[in-house]
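Engineer: Before we start, here is the structure in question, set down as structure tokens.
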Amino acid sequence: MSAQGNAGEGVEGTAGPGIVIAIDGPSGSGKSSTSKGVAKARGLAYLDTGAMYRAITWWMLRNGIGAEDAVAVADAASKPVITMGTDPSAPTVQVDGTDVAREIRTQEVTSSVSAVSAVPAVRERLVAMQRDTIARARRESGGIVVEGRDITTVVAPDAEVKIFLTASAEARAQRRSKENSSDDVAGTQEALARRDRLDSSRAVSPLTRTADAVELETTGLGLQEVVDLVSGLADEAAAAEASPAAG
């Protein structure tokens, strides 16, 4: 299964059969590893919405559009065709038919993605694609695990399971430095703090925890422990759905 689209695609709402596990949280909190692990364990689809914002940011930079030029970014937001593979064992990211999984993880993209993702036209387009992917996964794959920063608040507020992953600043920096094969943990921590400020303070869809989301602090926990905790919450949600309504 894949998510593919251009401007104007998508459906309103994501309710339906199947289960949606929505996982929000800041960079380095363990969202990707946890989300893929839960999706694999439960046989569900997987969507990394952050990769979608990175993909459109990569396209903007490649086409000479500066991340800080909000007007130009908005004008071009509908142009790239972004295709997301939703197999958790081998998720893919394509822009205009080209695999960009490696390119979107460069420092240049990382430094620009918050600015591009804050543009309302970008968020409107990608949220529509994300909702469409979720609705199809409910019908075709039994459900989906979706990770990002506004999944529980904007993209899928009707998700059966809502998680907000956190970890200490030090743990997040160490994890991200390891992923990037970098020894500069202090520099990574500073970069993450800047990203947190931008993501939490933007006017459109800021990173925040909803009142009904379960906060999981992952500092000191192994990946399998976190996967098991999220799967347990999914089991509870499924049982609640299956139980007859009171009265």
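Residues in the structure tokens are named by chain (A, B, ... in the order shown) and by number from 1 within that chain; ligands are numbered from 1 in the order shown.
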Which residues of region 142-207 of chain A come within 9 Å of region 17-32 of chain A, and for each one, what is the closest pair of atoms and their distance in Å to one decimal, counting only C-alpha atoms, sorted by chain and residue number, as a tab-separated table?

Structural biologist:
```
residue	atom	partner	partner_atom	distance
A:Gly142	CA	A:Gly18	CA	4.4
A:Gly143	CA	A:Ile19	CA	4.4
A:Ile144	CA	A:Val20	CA	5.1
A:Val145	CA	A:Ile21	CA	4.7
A:Val146	CA	A:Ala22	CA	5.0
A:Glu147	CA	A:Ile23	CA	4.7
A:Gly148	CA	A:Asp24	CA	5.0
A:Arg149	CA	A:Asp24	CA	4.8
A:Asp150	CA	A:Asp24	CA	6.5
A:Ile151	CA	A:Ala22	CA	5.8
A:Thr152	CA	A:Ala22	CA	5.9
A:Ala156	CA	A:Ala22	CA	7.2
A:Pro157	CA	A:Ala22	CA	8.6
A:Asp158	CA	A:Val20	CA	8.3
A:Ala159	CA	A:Val20	CA	5.0
A:Glu160	CA	A:Val20	CA	5.6
A:Val161	CA	A:Ile21	CA	4.7
A:Lys162	CA	A:Ala22	CA	4.9
A:Ile163	CA	A:Ile23	CA	4.7
A:Phe164	CA	A:Asp24	CA	4.9
A:Leu165	CA	A:Gly25	CA	4.9
A:Thr166	CA	A:Ser29	CA	5.1
A:Ala167	CA	A:Ser29	CA	5.3
A:Ser168	CA	A:Ser29	CA	8.2
A:Ala169	CA	A:Gly28	CA	8.6
A:Ala171	CA	A:Gly28	CA	7.9
A:Arg172	CA	A:Gly28	CA	4.4
A:Ala173	CA	A:Gly28	CA	6.7
A:Gln174	CA	A:Gly28	CA	8.4
A:Arg175	CA	A:Gly28	CA	6.2
A:Arg176	CA	A:Gly28	CA	5.6
A:Leu192	CA	A:Ser27	CA	6.6
A:Arg195	CA	A:Ser27	CA	7.9
A:Asp196	CA	A:Pro26	CA	6.5
A:Asp199	CA	A:Pro26	CA	8.4
A:Leu207	CA	A:Gly25	CA	7.3
```

Engineer: Selection from above, N, CA and C atoms, as a CSV table (one decimal), in the first residue's frame, can you write it?

Structural biologist:
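selection.csv was written with the following content:
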```csv
chain,number,residue,atom,x,y,z
A,142,GLY,N,-6.5,-3.0,8.0
A,142,GLY,CA,-6.9,-3.2,9.4
A,142,GLY,C,-6.5,-2.1,10.3
A,143,GLY,N,-5.8,-1.1,9.7
A,143,GLY,CA,-5.5,0.1,10.5
A,143,GLY,C,-4.1,0.5,10.2
A,144,ILE,N,-3.6,1.5,11.0
A,144,ILE,CA,-2.3,2.1,10.7
A,144,ILE,C,-1.7,2.8,11.9
A,145,VAL,N,-0.4,2.8,12.0
A,145,VAL,CA,0.3,3.6,13.0
A,145,VAL,C,0.9,4.8,12.3
A,146,VAL,N,0.5,6.0,12.8
A,146,VAL,CA,0.9,7.2,12.2
A,146,VAL,C,1.7,8.1,13.2
A,147,GLU,N,2.9,8.5,12.8
A,147,GLU,CA,3.7,9.3,13.7
A,147,GLU,C,3.9,10.7,13.1
A,148,GLY,N,4.1,11.7,14.0
A,148,GLY,CA,4.3,13.0,13.6
A,148,GLY,C,4.3,14.0,14.8
A,149,ARG,N,3.8,15.2,14.5
A,149,ARG,CA,3.7,16.2,15.6
A,149,ARG,C,2.3,16.8,15.8
A,150,ASP,N,1.4,16.5,14.8
A,150,ASP,CA,0.0,17.0,15.0
A,150,ASP,C,-1.0,15.9,14.7
A,151,ILE,N,-0.6,14.6,14.9
A,151,ILE,CA,-1.5,13.5,14.5
A,151,ILE,C,-2.7,13.5,15.5
A,152,THR,N,-2.5,13.6,16.8
A,152,THR,CA,-3.5,13.5,17.7
A,152,THR,C,-4.4,14.7,17.8
A,156,ALA,N,-5.6,13.1,13.0
A,156,ALA,CA,-6.5,12.0,13.3
A,156,ALA,C,-7.0,12.2,14.8
A,157,PRO,N,-7.7,13.2,15.1
A,157,PRO,CA,-8.2,13.4,16.5
A,157,PRO,C,-9.1,12.3,16.9
A,158,ASP,N,-9.7,11.5,16.0
A,158,ASP,CA,-10.6,10.4,16.3
A,158,ASP,C,-9.8,9.1,16.4
A,159,ALA,N,-8.5,9.1,16.5
A,159,ALA,CA,-7.7,7.9,16.6
A,159,ALA,C,-8.1,7.1,17.9
A,160,GLU,N,-8.1,5.8,17.8
A,160,GLU,CA,-8.4,5.0,18.9
A,160,GLU,C,-7.4,5.0,20.0
A,161,VAL,N,-6.1,5.2,19.6
A,161,VAL,CA,-5.0,5.2,20.5
A,161,VAL,C,-4.2,6.5,20.3
A,162,LYS,N,-4.0,7.3,21.3
A,162,LYS,CA,-3.2,8.5,21.2
A,162,LYS,C,-2.1,8.5,22.1
A,163,ILE,N,-0.9,8.7,21.6
A,163,ILE,CA,0.3,8.6,22.4
A,163,ILE,C,1.2,9.9,22.2
A,164,PHE,N,1.7,10.4,23.3
A,164,PHE,CA,2.7,11.5,23.2
A,164,PHE,C,4.0,11.0,23.8
A,165,LEU,N,5.0,10.7,22.9
A,165,LEU,CA,6.3,10.2,23.4
A,165,LEU,C,7.2,11.3,23.8
A,166,THR,N,7.9,11.2,24.9
A,166,THR,CA,8.8,12.2,25.4
A,166,THR,C,10.1,11.5,25.8
A,167,ALA,N,11.2,12.2,26.0
A,167,ALA,CA,12.4,11.7,26.6
A,167,ALA,C,13.2,12.9,27.0
A,168,SER,N,14.2,12.7,27.9
A,168,SER,CA,15.0,13.8,28.3
A,168,SER,C,15.7,14.4,27.1
A,169,ALA,N,16.1,15.7,27.3
A,169,ALA,CA,16.9,16.4,26.2
A,169,ALA,C,18.2,15.6,25.9
A,171,ALA,N,18.9,12.4,26.4
A,171,ALA,CA,18.6,11.1,25.8
A,171,ALA,C,18.2,11.3,24.3
A,172,ARG,N,17.5,12.3,24.0
A,172,ARG,CA,17.1,12.5,22.6
A,172,ARG,C,18.3,12.9,21.8
A,173,ALA,N,19.2,13.7,22.3
A,173,ALA,CA,20.4,14.2,21.6
A,173,ALA,C,21.3,13.0,21.4
A,174,GLN,N,21.4,12.1,22.3
A,174,GLN,CA,22.3,10.9,22.2
A,174,GLN,C,21.7,10.0,21.1
A,175,ARG,N,20.4,9.8,21.1
A,175,ARG,CA,19.8,8.9,20.1
A,175,ARG,C,20.0,9.5,18.7
A,176,ARG,N,19.7,10.8,18.5
A,176,ARG,CA,19.8,11.4,17.2
A,176,ARG,C,21.3,11.4,16.7
A,192,LEU,N,18.1,20.3,18.4
A,192,LEU,CA,16.8,19.7,18.8
A,192,LEU,C,16.0,20.7,19.5
A,195,ARG,N,14.6,23.2,17.1
A,195,ARG,CA,13.4,22.5,16.4
A,195,ARG,C,12.2,22.5,17.3
A,196,ASP,N,12.4,22.2,18.6
A,196,ASP,CA,11.3,22.1,19.6
A,196,ASP,C,10.6,23.5,19.7
A,199,ASP,N,8.7,24.2,16.4
A,199,ASP,CA,7.5,23.3,16.2
A,199,ASP,C,6.4,23.6,17.3
A,207,LEU,N,3.2,21.6,17.9
A,207,LEU,CA,3.4,20.4,18.6
A,207,LEU,C,2.9,20.6,20.0
```

Engineer: Once DSSP has gone over the backbone, tell me which residues of region 14-202 of chain A are in strand (DSSP E or B), as an MDAnalysis selection string.

Structural biologist: chainID A and resid 19:24 45:48 82:85 92:95 98:99 143:148 161:166

Engineer: Which residues of region 59-82 of chain A have any atom within 12 Å of an atom in region 104-110 of chain A when counting only C-alpha atoms, and what is the closest pair of atoms for each, with the distance in Å to one decimal? Order the rows by chain and rising number and write it as a tab-separated table.

Structural biologist:
```
residue	atom	partner	partner_atom	distance
A:Trp59	CA	A:Ile104	CA	9.2
A:Met60	CA	A:Val109	CA	9.7
A:Leu61	CA	A:Val109	CA	7.9
A:Arg62	CA	A:Val109	CA	10.1
A:Gly66	CA	A:Val109	CA	11.1
A:Ala67	CA	A:Val109	CA	9.3
```

Engineer: Since we have the selection now, will you write its residues out, keeping all heavy atoms, as a PDB file, in the first residue's frame?

Structural biologist:
```
ATOM      1  N   TRP A  59      12.213  19.147  -2.044  1.00  0.00           N
ATOM      2  CA  TRP A  59      11.815  19.608  -3.368  1.00  0.00           C
ATOM      3  C   TRP A  59      11.964  21.117  -3.479  1.00  0.00           C
ATOM      4  O   TRP A  59      12.448  21.632  -4.494  1.00  0.00           O
ATOM      5  CB  TRP A  59      10.375  19.193  -3.657  1.00  0.00           C
ATOM      6  CG  TRP A  59       9.917  19.492  -5.048  1.00  0.00           C
ATOM      7  CD1 TRP A  59       9.962  18.662  -6.135  1.00  0.00           C
ATOM      8  CD2 TRP A  59       9.351  20.724  -5.519  1.00  0.00           C
ATOM      9  NE1 TRP A  59       9.461  19.297  -7.241  1.00  0.00           N
ATOM     10  CE2 TRP A  59       9.078  20.570  -6.895  1.00  0.00           C
ATOM     11  CE3 TRP A  59       9.043  21.937  -4.893  1.00  0.00           C
ATOM     12  CZ2 TRP A  59       8.516  21.579  -7.660  1.00  0.00           C
ATOM     13  CZ3 TRP A  59       8.492  22.950  -5.659  1.00  0.00           C
ATOM     14  CH2 TRP A  59       8.230  22.772  -7.023  1.00  0.00           C
ATOM     15  N   MET A  60      11.542  21.842  -2.444  1.00  0.00           N
ATOM     16  CA  MET A  60      11.662  23.302  -2.457  1.00  0.00           C
ATOM     17  C   MET A  60      13.121  23.721  -2.621  1.00  0.00           C
ATOM     18  O   MET A  60      13.460  24.564  -3.470  1.00  0.00           O
ATOM     19  CB  MET A  60      11.098  23.894  -1.159  1.00  0.00           C
ATOM     20  CG  MET A  60       9.620  23.691  -0.953  1.00  0.00           C
ATOM     21  SD  MET A  60       8.602  24.657  -2.098  1.00  0.00           S
ATOM     22  CE  MET A  60       6.959  23.994  -1.691  1.00  0.00           C
ATOM     23  N   LEU A  61      13.999  23.146  -1.818  1.00  0.00           N
ATOM     24  CA  LEU A  61      15.413  23.509  -1.869  1.00  0.00           C
ATOM     25  C   LEU A  61      16.021  23.145  -3.218  1.00  0.00           C
ATOM     26  O   LEU A  61      16.817  23.912  -3.779  1.00  0.00           O
ATOM     27  CB  LEU A  61      16.161  22.812  -0.737  1.00  0.00           C
ATOM     28  CG  LEU A  61      15.728  23.195   0.687  1.00  0.00           C
ATOM     29  CD1 LEU A  61      16.459  22.329   1.707  1.00  0.00           C
ATOM     30  CD2 LEU A  61      15.981  24.674   0.966  1.00  0.00           C
ATOM     31  N   ARG A  62      15.652  21.983  -3.723  1.00  0.00           N
ATOM     32  CA  ARG A  62      16.191  21.520  -5.005  1.00  0.00           C
ATOM     33  C   ARG A  62      15.772  22.435  -6.154  1.00  0.00           C
ATOM     34  O   ARG A  62      16.479  22.565  -7.160  1.00  0.00           O
ATOM     35  CB  ARG A  62      15.731  20.090  -5.272  1.00  0.00           C
ATOM     36  CG  ARG A  62      16.364  19.421  -6.489  1.00  0.00           C
ATOM     37  CD  ARG A  62      16.015  17.959  -6.484  1.00  0.00           C
ATOM     38  NE  ARG A  62      16.663  17.239  -7.583  1.00  0.00           N
ATOM     39  CZ  ARG A  62      16.103  17.014  -8.764  1.00  0.00           C
ATOM     40  NH1 ARG A  62      14.873  17.451  -8.999  1.00  0.00           N
ATOM     41  NH2 ARG A  62      16.736  16.347  -9.709  1.00  0.00           N
ATOM     42  N   GLY A  66      13.658  29.173  -1.238  1.00  0.00           N
ATOM     43  CA  GLY A  66      14.160  29.260   0.123  1.00  0.00           C
ATOM     44  C   GLY A  66      13.099  28.921   1.153  1.00  0.00           C
ATOM     45  O   GLY A  66      11.929  29.299   1.002  1.00  0.00           O
ATOM     46  N   ALA A  67      13.490  28.203   2.194  1.00  0.00           N
ATOM     47  CA  ALA A  67      12.536  27.771   3.213  1.00  0.00           C
ATOM     48  C   ALA A  67      11.867  28.943   3.920  1.00  0.00           C
ATOM     49  O   ALA A  67      10.726  28.833   4.383  1.00  0.00           O
ATOM     50  CB  ALA A  67      13.244  26.884   4.238  1.00  0.00           C
TER      51      ALA A  67
END
```

Engineer: Which one of A:Thr49, A:Ser201, A:Thr188, A:Gln224 sits closest to Arg131 (chain A) if you count only C-alpha atoms?

Structural biologist: A:Thr49

Engineer: What is the CA of Gly85 (chain A)-CA of Arg125 (chain A) distance in Å, reported with one decimal?

Structural biologist: 17.8 Å

Engineer: Looking at A:Ala72, A:Ala115, A:Ile82, A:Leu44, which one is nearest to Arg202 (chain A), with distances taken over only C-alpha atoms?

Structural biologist: A:Ala115
